[in-house]
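**Q** File name structure-v1.txt; file contents compact mmCIF, C-alpha atoms (C1' of nucleotides); full text below.
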```txt
# COMPACT_ATOMS: atom_id res chain seq x y z
CA MET A 1 0.00 0.00 0.00
CA LYS A 2 0.95 3.63 -0.47
CA VAL A 3 1.83 5.79 2.50
CA LYS A 4 -1.11 7.62 3.98
CA TYR A 5 -0.86 11.05 5.55
CA THR A 6 -3.45 12.18 8.06
CA LEU A 7 -3.54 15.77 9.24
CA ILE A 8 -4.50 15.82 12.90
CA LYS A 9 -4.17 19.46 13.82
CA LYS A 10 -2.76 22.70 12.49
CA ASP A 11 -1.05 25.26 14.71
CA LYS A 12 -3.29 28.29 15.09
CA ASN A 13 -0.59 30.88 14.45
CA THR A 14 1.67 29.21 11.87
CA GLN A 15 1.59 26.67 9.07
CA GLY A 16 2.79 24.01 11.51
CA ARG A 17 1.05 20.64 11.07
CA LEU A 18 0.64 17.73 13.41
CA GLY A 19 -0.05 14.51 11.57
CA THR A 20 0.61 10.82 11.13
CA ILE A 21 2.06 8.80 8.31
CA LYS A 22 0.91 5.24 7.89
CA THR A 23 3.21 2.84 6.05
CA ASN A 24 3.54 -0.90 5.54
CA TYR A 25 6.13 -0.87 8.28
CA GLY A 26 4.18 1.08 10.88
CA THR A 27 2.75 4.48 11.61
CA PHE A 28 4.66 7.46 12.93
CA GLU A 29 3.83 11.02 13.91
CA THR A 30 4.95 14.16 12.12
CA PRO A 31 6.77 16.52 12.19
CA MET A 32 9.62 14.01 12.16
CA PHE A 33 13.34 13.99 11.53
CA MET A 34 14.75 11.13 9.43
CA PRO A 35 18.22 9.83 10.27
CA VAL A 36 20.28 9.34 7.11
CA GLY A 37 21.51 5.85 6.32
CA THR A 38 23.11 6.39 2.94
CA GLN A 39 24.71 2.99 2.55
CA ALA A 40 21.95 0.93 4.16
CA THR A 41 23.17 1.82 7.62
CA VAL A 42 22.86 4.86 9.81
CA LYS A 43 26.59 5.20 10.29
CA THR A 44 27.76 3.54 13.53
CA LEU A 45 24.24 2.59 14.72
CA SER A 46 22.52 -0.78 14.81
CA PRO A 47 18.86 -1.06 13.77
CA GLU A 48 17.97 -1.63 17.44
CA GLU A 49 19.65 1.65 18.36
CA ILE A 50 17.78 3.48 15.60
CA LYS A 51 14.49 2.07 16.85
CA ALA A 52 15.30 3.14 20.40
CA LEU A 53 15.56 6.73 19.17
CA ASP A 54 11.89 6.71 18.08
CA ALA A 55 13.03 7.54 14.58
CA GLY A 56 9.82 7.25 12.56
CA ILE A 57 11.59 6.65 9.26
CA ILE A 58 15.11 6.55 7.87
CA LEU A 59 16.65 7.45 4.53
CA ALA A 60 18.86 5.40 2.24
CA ASN A 61 20.44 6.29 -1.06
CA THR A 62 19.90 5.05 -4.59
CA TYR A 63 23.19 6.34 -5.92
CA HIS A 64 25.35 4.69 -3.28
CA LEU A 65 23.43 1.42 -3.19
CA CYS A 66 23.38 0.93 -6.95
CA LEU A 67 27.15 1.39 -7.04
CA ARG A 68 27.66 -0.91 -4.07
CA PRO A 69 26.48 -3.60 -3.53
CA GLY A 70 24.13 -3.14 -6.50
CA GLU A 71 20.33 -3.16 -6.39
CA ASP A 72 20.08 -6.74 -7.69
CA ILE A 73 21.88 -8.08 -4.65
CA ILE A 74 19.54 -6.17 -2.36
CA ALA A 75 16.53 -7.43 -4.33
CA LYS A 76 17.88 -10.97 -4.03
CA ALA A 77 18.20 -10.46 -0.27
CA GLY A 78 14.48 -9.70 -0.21
CA GLY A 79 14.61 -5.89 -0.36
CA LEU A 80 16.27 -3.22 1.64
CA HIS A 81 14.38 -3.88 4.90
CA LYS A 82 15.48 -7.49 5.02
CA PHE A 83 18.95 -6.78 3.69
CA MET A 84 19.73 -4.34 6.50
CA ASN A 85 17.49 -5.99 9.08
CA TYR A 86 15.44 -2.84 9.62
CA ASN A 87 11.70 -3.34 9.83
CA GLY A 88 10.70 0.33 10.00
CA PRO A 89 9.79 2.71 7.17
CA ILE A 90 12.55 3.61 4.69
CA LEU A 91 12.69 6.41 2.15
CA THR A 92 15.21 6.28 -0.68
CA ASP A 93 16.68 9.36 -2.28
CA SER A 94 16.85 9.13 -6.05
CA GLY A 95 20.52 9.88 -6.51
CA GLY A 96 19.74 13.21 -8.14
CA PHE A 97 21.58 15.17 -5.51
CA GLN A 98 24.64 12.88 -5.44
CA VAL A 99 25.04 12.96 -9.18
CA PHE A 100 25.27 16.71 -8.96
CA SER A 101 27.21 16.99 -5.75
CA LEU A 102 29.90 14.33 -6.03
CA ALA A 103 29.98 12.53 -9.36
CA ASN A 104 31.91 14.28 -12.08
CA PRO A 105 32.28 15.25 -14.78
CA LYS A 106 28.63 16.06 -15.12
CA ASP A 107 27.14 15.52 -18.50
CA ILE A 108 23.48 16.42 -18.26
CA THR A 109 21.20 15.72 -21.20
CA GLU A 110 17.47 15.38 -21.62
CA GLU A 111 17.92 11.62 -21.40
CA GLY A 112 19.76 11.65 -18.07
CA VAL A 113 23.12 12.22 -16.41
CA THR A 114 26.42 10.56 -17.26
CA PHE A 115 28.86 10.54 -14.37
CA LYS A 116 31.87 8.80 -12.96
CA SER A 117 31.62 6.50 -9.98
CA HIS A 118 33.39 8.00 -6.99
CA ILE A 119 34.47 4.49 -6.03
CA ASN A 120 36.35 3.31 -9.10
CA GLY A 121 35.80 5.91 -11.81
CA ASP A 122 33.42 3.72 -13.85
CA LYS A 123 31.39 5.70 -16.32
CA LEU A 124 27.75 5.36 -15.32
CA PHE A 125 24.40 6.67 -16.39
CA LEU A 126 21.42 7.62 -14.28
CA SER A 127 18.09 8.58 -15.81
CA PRO A 128 14.57 8.94 -14.41
CA GLU A 129 13.73 5.41 -15.56
CA ARG A 130 16.93 3.94 -14.16
CA ALA A 131 16.59 5.73 -10.79
CA ILE A 132 13.06 4.43 -10.42
CA GLU A 133 14.01 0.92 -11.52
CA ILE A 134 16.67 0.83 -8.81
CA GLN A 135 14.33 2.15 -6.14
CA ASN A 136 11.60 -0.31 -7.15
CA LYS A 137 14.09 -3.10 -6.62
CA LEU A 138 15.32 -1.69 -3.33
CA ASP A 139 11.67 -1.80 -2.29
CA SER A 140 11.77 1.22 -0.01
CA ASP A 141 8.48 2.60 1.29
CA ILE A 142 8.96 5.95 -0.38
CA ALA A 143 10.90 6.58 -3.59
CA MET A 144 11.95 10.01 -4.81
CA CYS A 145 11.78 11.34 -8.35
CA PHE A 146 15.08 11.81 -10.13
CA ASP A 147 15.57 15.56 -10.25
CA GLU A 148 18.22 18.01 -11.31
CA CYS A 149 19.59 19.80 -8.30
CA PRO A 150 21.24 22.93 -9.66
CA PRO A 151 23.36 25.20 -7.47
CA ALA A 152 21.37 27.88 -5.74
CA SER A 153 23.61 30.39 -7.49
CA ALA A 154 22.33 29.33 -10.93
CA ASP A 155 20.87 32.23 -12.90
CA TYR A 156 17.19 32.61 -13.70
CA ASN A 157 17.34 31.22 -17.21
CA TYR A 158 19.30 28.15 -16.21
CA MET A 159 17.00 27.55 -13.27
CA LYS A 160 13.93 27.89 -15.44
CA ALA A 161 15.21 25.41 -18.00
CA SER A 162 16.26 23.11 -15.17
CA ILE A 163 12.86 22.98 -13.46
CA GLU A 164 11.19 22.36 -16.83
CA ARG A 165 13.46 19.39 -17.34
CA THR A 166 12.89 18.17 -13.78
CA LEU A 167 9.14 18.30 -14.51
CA ARG A 168 9.59 16.22 -17.66
CA TRP A 169 11.75 13.82 -15.67
CA ALA A 170 9.04 13.64 -13.00
CA GLU A 171 6.53 12.46 -15.60
CA ARG A 172 8.97 9.83 -16.81
CA CYS A 173 9.54 8.71 -13.21
CA GLN A 174 5.82 8.31 -12.72
CA LYS A 175 5.49 6.26 -15.91
CA ALA A 176 8.43 4.05 -14.99
CA HIS A 177 7.20 3.42 -11.46
CA HIS A 178 5.74 -0.08 -11.06
CA ASN A 179 5.96 -1.02 -7.39
CA PRO A 180 2.46 -0.93 -5.84
CA GLN A 181 3.91 -1.20 -2.34
CA GLN A 182 6.01 1.90 -2.86
CA SER A 183 5.00 5.57 -2.86
CA LEU A 184 6.57 8.12 -5.18
CA PHE A 185 7.26 11.75 -4.24
CA GLY A 186 7.70 14.70 -6.58
CA ILE A 187 10.33 17.37 -5.95
CA VAL A 188 9.92 21.14 -6.11
CA GLN A 189 12.95 23.14 -7.30
CA GLY A 190 13.41 26.74 -8.43
CA GLY A 191 16.17 28.23 -6.30
CA TYR A 192 15.20 31.50 -4.69
CA PHE A 193 12.97 32.66 -7.51
CA GLU A 194 9.42 33.09 -6.28
CA ASP A 195 7.71 32.54 -9.62
CA LEU A 196 9.83 29.49 -10.43
CA ARG A 197 9.12 27.90 -7.06
CA LYS A 198 5.41 28.53 -7.54
CA TYR A 199 5.48 27.15 -11.07
CA SER A 200 7.51 24.10 -10.09
CA ALA A 201 5.21 23.38 -7.15
CA THR A 202 1.90 23.79 -8.99
CA GLN A 203 3.04 21.78 -12.01
CA THR A 204 4.42 18.99 -9.84
CA VAL A 205 1.23 18.86 -7.80
CA LYS A 206 -0.79 18.49 -10.99
CA MET A 207 0.89 15.13 -11.50
CA ASN A 208 -0.66 13.91 -8.27
CA PHE A 209 2.25 12.33 -6.45
CA ASP A 210 1.93 10.49 -3.14
CA GLY A 211 3.84 13.28 -1.43
CA TYR A 212 6.01 16.27 -2.21
CA SER A 213 9.38 17.49 -1.28
CA ILE A 214 11.15 20.80 -1.43
CA GLY A 215 14.65 20.45 -2.77
CA GLY A 216 17.60 22.63 -3.56
CA VAL A 217 17.59 24.67 -0.37
CA ALA A 218 20.57 23.04 1.33
CA ASN A 219 23.18 22.99 -1.42
CA ASP A 220 25.29 26.09 -1.14
CA ASN A 221 26.35 28.27 1.71
CA GLU A 222 23.23 30.30 1.36
CA SER A 223 21.81 32.34 4.19
CA LYS A 224 19.10 30.90 6.37
CA GLU A 225 16.80 33.71 5.30
CA ASN A 226 17.09 32.58 1.68
CA MET A 227 16.33 29.04 2.71
CA TYR A 228 13.25 30.03 4.67
CA GLN A 229 12.14 32.21 1.78
CA ALA A 230 12.43 29.31 -0.66
CA ILE A 231 10.22 27.21 1.63
CA GLU A 232 7.67 30.00 1.79
CA TYR A 233 7.67 30.23 -2.00
CA SER A 234 6.96 26.49 -2.28
CA ALA A 235 4.93 25.09 0.61
CA PRO A 236 1.69 27.09 0.13
CA TYR A 237 1.11 25.38 -3.23
CA LEU A 238 1.39 21.87 -1.84
CA PRO A 239 -1.84 19.98 -1.03
CA LYS A 240 -2.94 19.83 2.60
CA ASP A 241 -3.57 16.10 2.54
CA LYS A 242 -0.08 15.05 1.43
CA ILE A 243 3.29 14.86 3.14
CA ARG A 244 5.74 17.75 2.71
CA TYR A 245 9.39 16.78 2.94
CA LEU A 246 12.20 19.35 3.12
CA MET A 247 15.29 17.70 1.69
CA GLY A 248 18.67 17.92 3.35
CA VAL A 249 17.72 20.26 6.18
CA GLY A 250 18.47 19.42 9.75
CA ASP A 251 20.01 22.24 11.73
CA PRO A 252 17.88 22.38 14.91
CA ILE A 253 16.57 25.86 14.28
CA ASP A 254 15.96 25.12 10.60
CA ILE A 255 13.73 22.21 11.56
CA ILE A 256 11.62 24.47 13.74
CA GLU A 257 11.46 27.20 11.09
CA GLY A 258 10.61 24.58 8.49
CA VAL A 259 7.68 23.27 10.50
CA ILE A 260 6.44 26.82 11.01
CA ARG A 261 6.33 27.10 7.22
CA GLY A 262 4.38 23.86 6.78
CA VAL A 263 6.98 21.10 6.47
CA ASP A 264 6.35 17.61 7.90
CA ILE A 265 9.58 15.65 7.51
CA PHE A 266 13.29 16.43 7.28
CA ASP A 267 16.50 14.58 6.69
CA CYS A 268 20.07 15.64 7.18
CA VAL A 269 23.52 14.12 7.48
CA ILE A 270 24.66 16.76 9.88
CA PRO A 271 23.87 15.16 13.26
CA THR A 272 25.84 12.02 12.41
CA ARG A 273 28.62 13.86 10.62
CA LEU A 274 29.02 16.28 13.52
CA ALA A 275 29.13 13.28 15.82
CA ARG A 276 31.98 11.71 13.89
CA HIS A 277 33.81 15.01 14.11
CA GLY A 278 33.29 15.33 17.83
CA HIS A 279 30.41 17.80 18.10
CA ALA A 280 27.28 17.47 20.19
CA TYR A 281 24.04 19.41 20.26
CA THR A 282 22.94 20.69 23.62
CA LYS A 283 20.00 22.84 24.68
CA ARG A 284 22.51 25.65 25.15
CA GLY A 285 24.09 25.32 21.73
CA LYS A 286 26.48 23.09 19.87
CA ILE A 287 29.63 22.02 21.70
CA ASN A 288 32.95 20.62 20.49
CA ILE A 289 33.77 17.72 22.77
CA LEU A 290 37.43 18.00 21.75
CA ASN A 291 37.71 21.29 23.60
CA ASN A 292 40.22 21.13 26.40
CA LYS A 293 37.66 22.26 28.98
CA TYR A 294 35.87 18.90 28.75
CA LYS A 295 38.96 16.89 29.62
CA GLU A 296 37.88 16.46 33.23
CA ASP A 297 34.18 17.13 32.84
CA PHE A 298 32.45 14.12 34.35
CA THR A 299 28.91 15.30 33.61
CA PRO A 300 26.71 14.16 30.68
CA LEU A 301 26.58 16.08 27.40
CA ASP A 302 23.21 17.59 28.24
CA GLU A 303 20.11 17.16 30.33
CA CYS A 304 18.90 14.38 28.16
CA ASN A 305 17.20 11.01 28.31
CA CYS A 306 19.27 9.29 25.63
CA TYR A 307 21.42 6.21 26.18
CA THR A 308 24.60 8.26 25.92
CA CYS A 309 23.64 10.89 28.47
CA GLN A 310 22.24 8.32 30.86
CA ASN A 311 25.49 6.38 30.94
CA TYR A 312 28.54 8.37 29.82
CA THR A 313 30.44 11.56 30.64
CA LYS A 314 31.93 14.27 28.45
CA SER A 315 35.38 13.33 29.68
CA TYR A 316 34.98 9.73 28.53
CA ILE A 317 33.45 10.64 25.17
CA ARG A 318 36.21 13.18 24.59
CA HIS A 319 38.77 10.50 25.31
CA LEU A 320 37.14 8.17 22.78
CA ILE A 321 37.03 10.80 20.05
CA VAL A 322 40.63 11.85 20.71
CA ALA A 323 41.70 8.21 20.60
CA ASN A 324 39.75 7.71 17.38
CA GLU A 325 37.61 5.00 18.88
CA THR A 326 34.41 4.32 16.93
CA PHE A 327 32.39 3.94 20.12
CA GLY A 328 32.79 7.70 20.59
CA SER A 329 31.19 8.41 17.20
CA ARG A 330 28.41 6.03 18.10
CA LEU A 331 27.67 7.67 21.46
CA LEU A 332 27.62 11.13 19.88
CA SER A 333 25.49 9.93 16.95
CA ILE A 334 22.94 8.48 19.34
CA HIS A 335 22.83 11.73 21.28
CA ASN A 336 22.66 14.06 18.26
CA LEU A 337 19.93 12.06 16.55
CA ASN A 338 18.00 11.85 19.79
CA PHE A 339 18.35 15.61 20.16
CA LEU A 340 16.77 16.33 16.77
CA ILE A 341 14.07 13.70 17.10
CA ASN A 342 13.28 15.06 20.53
CA ILE A 343 12.92 18.53 19.03
CA THR A 344 10.28 17.17 16.66
CA LYS A 345 8.57 15.60 19.66
CA GLU A 346 8.51 18.96 21.45
CA ILE A 347 7.28 20.60 18.26
CA ARG A 348 4.36 18.18 18.10
CA THR A 349 3.40 19.00 21.66
CA ALA A 350 3.70 22.71 20.92
CA ILE A 351 1.39 22.41 17.90
CA LYS A 352 -1.17 20.58 20.01
CA GLU A 353 -1.14 23.54 22.38
CA ASP A 354 -0.96 26.23 19.67
CA ARG A 355 2.30 27.64 20.97
CA LEU A 356 4.79 26.79 18.24
CA LEU A 357 6.10 30.36 17.95
CA GLU A 358 6.64 30.54 21.69
CA TYR A 359 8.47 27.22 21.53
CA ARG A 360 10.75 28.56 18.79
CA ASP A 361 11.56 31.75 20.69
CA ASN A 362 12.34 29.87 23.88
CA PHE A 363 14.47 27.38 22.02
CA LYS A 364 16.47 30.09 20.28
CA GLU A 365 17.02 32.07 23.42
CA LEU A 366 18.52 29.09 25.17
CA TYR A 367 20.38 27.66 22.15
CA TYR A 368 22.02 30.85 20.95
CA GLY A 369 22.16 32.69 24.27
CA LYS A 370 20.46 35.97 24.96
CA ASP A 371 22.69 38.10 22.70
CA LYS A 372 22.10 36.37 19.40
CA THR A 373 18.79 35.29 17.93
C1' G B 374 91.46 9.91 30.57
C1' C B 375 92.12 10.97 25.05
C1' G B 376 89.78 11.76 20.26
C1' G B 377 85.35 12.24 16.92
C1' U B 378 80.20 13.68 16.21
C1' A B 379 75.99 16.04 17.74
C1' U B 380 72.63 19.60 20.69
C1' U B 381 66.70 23.78 16.52
C1' G B 382 59.08 23.98 19.56
C1' G B 383 55.44 19.08 23.10
C1' U B 384 57.74 15.29 19.35
C1' G B 385 60.40 13.93 14.59
C1' A B 386 63.14 17.00 12.07
C1' A B 387 64.70 20.91 7.47
C1' G B 388 67.56 25.22 7.00
C1' U B 389 70.47 30.02 6.20
C1' G B 390 76.12 35.12 7.88
C1' G B 391 70.96 39.52 6.85
C1' U B 392 63.03 40.62 5.80
C1' U B 393 57.79 36.77 9.26
C1' A B 394 63.04 29.44 11.14
C1' A B 395 60.33 24.86 5.99
C1' C B 396 57.58 20.48 6.63
C1' A B 397 55.09 16.58 9.47
C1' C B 398 52.80 14.85 13.92
C1' G B 399 50.81 16.65 18.40
C1' C B 400 48.27 20.48 20.79
C1' C B 401 44.57 24.70 20.57
C1' A B 402 40.34 26.57 18.01
C1' G B 403 36.78 26.85 13.95
C1' A B 404 33.88 24.59 9.85
C1' U B 405 30.38 20.87 8.17
C1' U B 406 22.55 21.09 5.89
C1' G B 407 18.83 15.03 -0.07
C1' U B 408 27.15 11.90 3.76
C1' G B 409 33.17 10.07 -0.92
C1' G B 410 33.56 7.43 7.72
C1' C B 411 38.71 9.94 10.61
C1' U B 412 37.66 15.43 6.30
C1' C B 413 38.55 20.78 5.58
C1' U B 414 40.41 25.80 7.50
C1' G B 415 43.17 28.59 10.83
C1' G B 416 46.58 29.18 15.19
C1' U B 417 50.75 27.21 17.52
C1' A B 418 59.64 28.36 18.59
C1' U B 419 60.33 36.89 20.02
C1' G B 420 63.90 31.90 19.25
C1' C B 421 67.85 27.39 17.24
C1' A B 422 71.99 23.71 24.69
C1' U B 423 74.61 27.72 28.05
C1' G B 424 78.30 31.66 28.24
C1' A B 425 81.78 34.69 25.75
C1' G B 426 83.98 36.35 21.11
C1' U B 427 84.45 37.69 15.56
C1' U B 428 81.05 40.79 12.52
C1' C B 429 77.42 46.51 10.52
C1' G B 430 74.58 41.92 11.58
C1' A B 431 75.00 35.04 14.10
C1' U B 432 70.61 29.97 15.05
C1' U B 433 74.45 29.70 11.06
C1' C B 434 81.80 31.30 12.10
C1' U B 435 85.46 30.84 16.69
C1' C B 436 86.43 29.48 21.83
C1' A B 437 84.90 27.63 26.61
C1' U B 438 81.31 24.92 29.48
C1' A B 439 77.27 21.33 29.91
C1' U B 440 74.74 17.16 28.04
C1' A B 441 74.25 13.00 24.65
C1' U B 442 76.55 9.47 21.63
C1' C B 443 80.56 6.67 19.13
C1' G B 444 85.74 4.97 19.08
C1' C B 445 90.48 4.02 21.72
C1' C B 446 93.35 3.03 26.32
```
Represent the structure contained in this file as structure tokens.

**A**
Amino acid sequence: MKVKYTLIKKDKNTQGRLGTIKTNYGTFETPMFMPVGTQATVKTLSPEEIKALDAGIILANTYHLCLRPGEDIIAKAGGLHKFMNYNGPILTDSGGFQVFSLANPKDITEEGVTFKSHINGDKLFLSPERAIEIQNKLDSDIAMCFDECPPASADYNYMKASIERTLRWAERCQKAHHNPQQSLFGIVQGGYFEDLRKYSATQTVKMNFDGYSIGGVANDNESKENMYQAIEYSAPYLPKDKIRYLMGVGDPIDIIEGVIRGVDIFDCVIPTRLARHGHAYTKRGKINILNNKYKEDFTPLDECNCYTCQNYTKSYIRHLIVANETFGSRLLSIHNLNFLINITKEIRTAIKEDRLLEYRDNFKELYYGKDKT
RNA sequence: GCGGUAUUGGUGAAGUGGUUAACACGCCAGAUUGUGGCUCUGGUAUGCAUGAGUUCGAUUCUCAUAUAUCGCC
């Protein structure tokens, strides 16, 4: 069956939405943050640890999995869920972003994209049909359309031509899609151009996808204001009874601002990448556990109910990261993912009580300190 | 005891009679937004064993001392 979104309640003062998503692998509440498991694993975590975080859904990647181990092997294993022993909902990204962000040289034609494998330099080709074929075989719960993800700095004419092509590719994706157990989401692009975002959104919605995502807002080093603006240009044109997914966004404050603008789900590599590099989120801002001041700090990372904070100290985690022990990355990954998922939990409560804006202001005051906002 | 060689930051070391003493590791700090899993960017010796001398100028040349190391008795 296709995923089913149910809107439970809207925040009175914002576009914030409380809802549920029903899938073949269970139902979860939204807003929700999706941990990223590019290569069929959320780096350093076991499926049991992911489940313990109350992660409603995780993300895996078409590009990486078709290169290695190959979608046929995963299909032979019985699909992605069985292959990785994860029996919760999984969304697969189409590979569109990776082709543009890390495979080069880029040779983009109407037919698709020719690129070199980052693993061994093999010349490969990804098209809408191919991206869907792979995702059908992976048998994820939600597949994404294969889109072009141009840099936010692209000029108006390039962006316009690009979203037209992404729309044509979206139609091809829909035609190629043959897995009745799998939903397919369309992707809105258009950079920071209001009319292009509106056009991309309305045209994509006309195709009647199972859900919609907003892409292209987390590519460059753009300002947060631009990002929020791009969401505001897109979200109002998306149907109320379908999921809205903001791709690649996961800074704590960006999640809150995204929900305020009507987004339901997010994904981002940043909590796990920061963890591997020794950073931890706390209610009072991001900390670098490598800092000397934590050397003899025998308190937990934060006031927090996660496995890491219940059992380990900053001093110990710092030692592990300094010594390059993988258990350190794991403890920080658990904490950082728990932190973001917990934010979505607090957001849901705030929407129930119509105080999402108040929640945001309180969060910012504590997270950034009183001086900055 | 005699003779040789050496002594540069936390570590391993490069180097020159003359502006800011290379590089690496470490250390300190920062970055990271649909993940190429140990990445990227900064900072980090006011001083070249100590003392004296030669010189316009010495970490670089000379002498003494200390320490280390090798060889010989």

**Q** Residues of chain A within 8 Å of chain B, using all atoms listed in the file, as a PyMOL selection string?

**A** chain A and resi 38+43+93+97+102+118-119+215+218-219+247-251+267-270+273-274+276-277+324

**Q** So that I can check the surroundings of stretch 381-391 of chain B, please list as a list in words every protein, DNA and RNA residue that reaches within 10 Å of it, counting all atoms listed in the file and ignoring chain neighbours fewer than 5 positions away.

**A** C396, A397, C398, G399, C400, U417, A418, G420, C421, A422, U428, G430, A431, U432, U433 and C434 of chain B

**Q** If you count all atoms listed in the file, which residues fall within 9 Å of A:Arg165, apart from same-chain ones fewer than 5 positions away, as JSON, numbers by chain?

**A** {"A": [110, 147, 148, 160, 170]}

**Q** I need every residue sitting at most 12 Å from the point (93.1, 1.9, 24.3) (coordinates as in the file, only C-alpha atoms (C1' of nucleotides) considered), written as an mmCIF file with C-alpha atoms (C1' of nucleotides), keeping the file's coordinate frame.

**A**
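Saved to result19.cif:
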```
data_model
loop_
_atom_site.group_PDB
_atom_site.id
_atom_site.type_symbol
_atom_site.label_atom_id
_atom_site.label_comp_id
_atom_site.auth_asym_id
_atom_site.auth_seq_id
_atom_site.Cartn_x
_atom_site.Cartn_y
_atom_site.Cartn_z
ATOM 1 C "C1'" G B 374 91.460 9.910 30.570
ATOM 2 C "C1'" C B 375 92.120 10.970 25.050
ATOM 3 C "C1'" G B 376 89.780 11.760 20.260
ATOM 4 C "C1'" G B 444 85.740 4.970 19.080
ATOM 5 C "C1'" C B 445 90.480 4.020 21.720
ATOM 6 C "C1'" C B 446 93.350 3.030 26.320
#
```

**Q** Record the distance separating atom CA of A:Ile187 and atom CA of A:Ser200, expressed in Å with one decimal.

**A**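 Separation between atom CA of A:Ile187 and atom CA of A:Ser200: 8.4 Å.
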
**Q** So how many Å separate atom CA of A:Thr30 and atom CA of A:Arg261, to one decimal?

**A**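 It comes out at 13.9 Å.
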
**Q** List as a short mmCIF file (atom, residue, chain, number, x, y, z; two decimals) with C-alpha atoms, in the coordinates of the input the residues having at least one atom at most 8 Å from position (13.2, 1.7, 7.8) as given in the file, counting only C-alpha atoms (C1' of nucleotides).

**A**
```cif
data_model
loop_
_atom_site.label_atom_id
_atom_site.label_comp_id
_atom_site.auth_asym_id
_atom_site.auth_seq_id
_atom_site.Cartn_x
_atom_site.Cartn_y
_atom_site.Cartn_z
CA TYR A 25 6.13 -0.87 8.28
CA ILE A 57 11.59 6.65 9.26
CA ILE A 58 15.11 6.55 7.87
CA LEU A 59 16.65 7.45 4.53
CA HIS A 81 14.38 -3.88 4.90
CA TYR A 86 15.44 -2.84 9.62
CA ASN A 87 11.70 -3.34 9.83
CA GLY A 88 10.70 0.33 10.00
CA PRO A 89 9.79 2.71 7.17
CA ILE A 90 12.55 3.61 4.69
CA LEU A 91 12.69 6.41 2.15
CA SER A 140 11.77 1.22 -0.01
#
```

**Q** Between atom C1' of B:G416 and atom CA of A:Thr313, measure the distance and give it in Å to one decimal.

**A**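 Interatomic distance, atom C1' of B:G416 to atom CA of A:Thr313: 28.5 Å.
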
**Q** For A:Tyr367, work out the shell of residues within 10 Å, counting only C-alpha atoms (C1' of nucleotides) and skipping chain neighbours fewer than 5 positions away, then give it as a list of chain:residue names.

**A**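 Near neighbours after the sequence-gap exclusion: A:Pro252, A:Ile253, A:Tyr281, A:Thr282, A:Lys283, A:Arg284, A:Gly285, A:Lys286, A:Asp361, A:Asn362, A:Lys372, A:Thr373.
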
**Q** Selected residues, C-alpha atoms, written as a compact mmCIF listing (two decimals), in the frame of the given file, please.

**A**
```txt
# COMPACT_ATOMS: atom_id res chain seq x y z
CA PRO A 252 17.88 22.38 14.91
CA ILE A 253 16.57 25.86 14.28
CA TYR A 281 24.04 19.41 20.26
CA THR A 282 22.94 20.69 23.62
CA LYS A 283 20.00 22.84 24.68
CA ARG A 284 22.51 25.65 25.15
CA GLY A 285 24.09 25.32 21.73
CA LYS A 286 26.48 23.09 19.87
CA ASP A 361 11.56 31.75 20.69
CA ASN A 362 12.34 29.87 23.88
CA LYS A 372 22.10 36.37 19.40
CA THR A 373 18.79 35.29 17.93
```
